[in-house]
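Visitor: Sharing a structure with you now.
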Amino acid sequence: MKKIIVALALLASFQIANAQQLKDAEAAAKKVEAAKAATLNEKKAASTATWIKLGQSYLDAYNAVQGNGYVGAGEADLALLMTGVKPVSTEQVEVQGQPQTVQHYETADYYFAGGRLVNIVTTKPAVENPLANAVEAYKKAFALDTKAKKTKDIAEALGNIHDKFSNDAVAAYQLQNYAESSKLFEQAANVSMTEPYNQLDTNAIYNAGLTAWIANDVERAKGFFLQCVDHKYYGDEGDVYARLATIAEKEGDKELSVKYLEDGFVNYPKSQSILIGLINYYTSTGGSTDRLFELLDVAKANEPNNASLWYVEGNIRLKMDPPQVEKAFEAYDKCGEIDPNYEYGYIGKGVYLYNHAVELQEKASFEMDDAKYTALVAEYDKTLKAAIEPFEKAFTVTKDKEIQTTIAEYIKNACFRFRDDPEYQARYEKYDAIVSESK
């Protein structure tokens, strides 16, 4: 979900404003009026060039009010670009939990984080709806360009407008103006499909739905998510399926809700949101969870050598009430049989044993009966030791340094319990050093 938003934000941060942009918003507005006047002349209105000029004047008006700054610029760069231009005021704000500095100019706000410009927000546009009006002008130009002499130029202009709508949508998202962000992503999607640019931007469609969802405009979000399905775009790990299932359930259509989840599960068997949705559905309706394993069998038939599907089965069995521990461990062990270098089966087993040991330790701390206390401590020690082996297997096979560090933390903590034994003391020191090096 958020990954896509962040990806767009990163793209936006490298898009430098047009070096030829007009500095004077008032002059930009006058040029728009002059270009509009030309379209009222019957002879000029029949010319493609007239409408291209109007489109460009709207783009110039959009750029003019944002100043010479560009997202990603450092303060030193801006000092050179904006010589003699001072902000009206400056304030400290918090954006999505992070401190930022806002410089308020006459027509735009500049947001800084870590000494770099991260956002430009127009506060006083030179003309109303410059980007939307630019699109209409270029559409008219394309309609008149019957010999396709200006098709490339028009397409490039529309692509430029698409990028600006996307950047503005990301800015609105970052400032938590989710309803506005949704509208801007929708405009980006619509511009993208406008001839002659004519490109499908499924990211923009998805993000229009996502931001509408966050803004609690469920009906609007539903429309965009359905468009995603039409275009076979399902978001991060099948997120679209999970959200449509939630919407269908709220609308009282449980049959449709579970269909979205089942379709999503077949395509994204590792998606936690879909998996949890299915488990909740079958347990809350009193139905048999056998259907989950039927779906998983379909996925296994499609990919018999996919060890991760067995890992998913192990996770499902441990989430059931009561958890099917033995069968879960069989599934985790199967991961290693299929692919000895697949770390997650070992991790799944190790994490369960470690967490169960913690539960036994807590239970023992409240036990007043000496015999029962002794039995619980013995079981705790046995379970904690059992967790070390699968963790060490995972540590050996994984190539991910971050995963190695996490596993090392588990092993270190487990070995600390048995440090009176020289063997465990040595293992504790080994993994403690690995954890320390990573900090």
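Chain lettering (A, B, ...) mirrors the order of the structure tokens, residue numbering begins at 1 for each chain separately, and ligand numbering begins at 1 in order of display.
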Just want the 6 Å neighbourhood of Gly209 (chain A), counted on only C-alpha atoms, with same-chain residues fewer than 2 positions away dropped. Output as a PyMOL selection string.
Guide: chain A and resi 206-207+211-212+221+224-225
Visitor: Within region 294-412 of chain A, find each residue whose DSSP state, derived from the backbone, is helix (DSSP H, G or I), and express the selection as a PyMOL selection string.
Guide: chain A and resi 294-302+307-319+325-338+343-365+370-397+401-412
Visitor: Determine, counting only C-alpha atoms, which protein, DNA and RNA residues have an atom within 9 Å of an atom of Gly159 (chain A); residues of the same chain fewer than 4 positions away are not included. Present the result as a list in words.
Guide: Ile154, Ala155, Asp163, Lys164, Val191, Ser192 and Tyr197 of chain A
Visitor: Write out the residues from the selection above, keeping all heavy atoms, as a CSV table (one decimal), in the first residue's frame.
Guide:
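Writing done, so here's selection_22.csv:
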```
chain,number,residue,atom,x,y,z
A,154,ILE,N,2.4,17.3,-28.2
A,154,ILE,CA,1.2,17.3,-27.3
A,154,ILE,C,1.3,16.1,-26.3
A,154,ILE,O,1.0,16.3,-25.1
A,154,ILE,CB,-0.1,17.1,-28.2
A,154,ILE,CG1,-0.2,18.4,-29.1
A,154,ILE,CG2,-1.3,16.9,-27.3
A,154,ILE,CD1,-1.3,18.2,-30.2
A,155,ALA,N,1.8,15.0,-26.8
A,155,ALA,CA,1.9,13.8,-25.9
A,155,ALA,C,2.9,14.2,-24.7
A,155,ALA,O,2.7,13.8,-23.6
A,155,ALA,CB,2.4,12.6,-26.6
A,163,ASP,N,2.7,14.2,-14.6
A,163,ASP,CA,3.7,14.2,-13.5
A,163,ASP,C,3.4,15.2,-12.5
A,163,ASP,O,3.6,15.0,-11.3
A,163,ASP,CB,5.1,14.4,-14.1
A,163,ASP,CG,5.6,13.2,-15.0
A,163,ASP,OD1,5.0,12.1,-14.9
A,163,ASP,OD2,6.5,13.4,-15.8
A,164,LYS,N,3.0,16.4,-12.9
A,164,LYS,CA,2.7,17.4,-12.0
A,164,LYS,C,1.5,17.1,-11.1
A,164,LYS,O,1.5,17.3,-9.9
A,164,LYS,CB,2.4,18.7,-12.7
A,164,LYS,CG,3.7,19.3,-13.4
A,164,LYS,CD,3.4,20.6,-14.1
A,164,LYS,CE,4.6,21.1,-14.8
A,164,LYS,NZ,5.8,21.3,-14.0
A,191,VAL,N,-5.4,12.0,-17.1
A,191,VAL,CA,-4.5,12.6,-18.0
A,191,VAL,C,-3.7,11.6,-18.7
A,191,VAL,O,-3.4,11.7,-19.9
A,191,VAL,CB,-3.6,13.7,-17.3
A,191,VAL,CG1,-2.5,14.2,-18.3
A,191,VAL,CG2,-4.4,14.8,-16.7
A,192,SER,N,-3.2,10.6,-18.0
A,192,SER,CA,-2.4,9.6,-18.5
A,192,SER,C,-3.0,8.8,-19.7
A,192,SER,O,-2.4,8.4,-20.7
A,192,SER,CB,-2.0,8.6,-17.4
A,192,SER,OG,-1.0,7.7,-17.9
A,197,TYR,N,-1.2,10.9,-25.4
A,197,TYR,CA,-0.3,10.3,-24.4
A,197,TYR,C,-0.7,8.9,-24.2
A,197,TYR,O,0.1,7.9,-24.3
A,197,TYR,CB,-0.3,11.1,-23.1
A,197,TYR,CG,0.7,10.7,-22.1
A,197,TYR,CD1,2.1,10.8,-22.5
A,197,TYR,CD2,0.4,10.2,-20.9
A,197,TYR,CE1,3.1,10.4,-21.5
A,197,TYR,CE2,1.3,9.8,-20.0
A,197,TYR,CZ,2.7,10.0,-20.3
A,197,TYR,OH,3.6,9.6,-19.4
```
Visitor: Find the residues around region 329-334 of chain A up to 10 Å (only C-alpha atoms counted), leave out those fewer than 4 positions away in its own chain, and share them as JSON, numbers by chain.
Guide: {"A": [307, 308, 309, 310, 311, 312, 313, 314, 315, 317, 318, 324, 325, 338, 339, 340, 343, 344, 345, 346, 347, 348, 349, 350, 352, 390]}
Visitor: Could you name the residues that touch region 358-370 of chain A at 10 Å or less, counting only C-alpha atoms, but leaving out those on the same chain fewer than 3 positions away, as a PyMOL selection string?
Guide: chain A and resi 352-355+373-381+383-384
Visitor: A:Pro99, A:Gly235, A:Gly252, A:Pro269: which is nearest Ile205 (chain A), counting only C-alpha atoms?
Guide: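 Answer, going by the shortest atom-to-atom distance: A:Gly235.
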Visitor: One number please: CA of Gln98 (chain A) to CA of Tyr111 (chain A), in Å, one decimal.
Guide: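 Between these atoms lies a distance of 11.6 Å.
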Visitor: Using CA of Tyr234 (chain A) and CA of Asp168 (chain A) as the two end points, give the distance in Å to one decimal.
Guide: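 Between CA of Tyr234 (chain A) and CA of Asp168 (chain A) the gap works out to 23.6 Å.
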Visitor: Take CA of Glu429 (chain A) and CA of His356 (chain A) and report the distance between them in Å, one decimal.
Guide: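 CA of Glu429 (chain A) sits 24.0 Å away from CA of His356 (chain A).
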Visitor: Could you check the closest approach to Glu303 (chain A) for each of A:Ala426, A:Ala414, A:Val266, A:Val435 and tell me which residue wins, using only C-alpha atoms?
Guide: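 Among the listed residues, the smallest separation from Glu303 (chain A) belongs to A:Val266.
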Visitor: Please provide the set of residues having any atom within 12 Å of Trp51 (chain A), restricted to only C-alpha atoms, with same-chain residues fewer than 5 positions apart removed, written as a PyMOL selection string.
Guide: chain A and resi 32+34-41+44-46+56-58+133-145+150+154
Visitor: Tell me which protein, DNA and RNA residues are within 12 Å of Ala27 (chain A), counting only C-alpha atoms, leaving out same-chain ones fewer than 2 positions away, and put them as JSON, numbers by chain.
Guide: {"A": [21, 22, 23, 24, 25, 29, 30, 31, 32, 33, 34, 57, 58, 60, 61, 64, 65, 126, 127]}
Visitor: Which residue is closest to Gln404 (chain A)? Choose from A:Val298, A:Val93, A:Ile434, A:Ile388 and count only C-alpha atoms.
Guide: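 Ranked by minimum distance to Gln404 (chain A), first place goes to A:Ile434.
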Visitor: Rank nothing, just name the residue among A:Asn63, A:Ala172, A:Ala357, A:Asp421 nearest to Val95 (chain A), using only C-alpha atoms.
Guide: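 Of all the options, A:Ala172 lies closest to Val95 (chain A).
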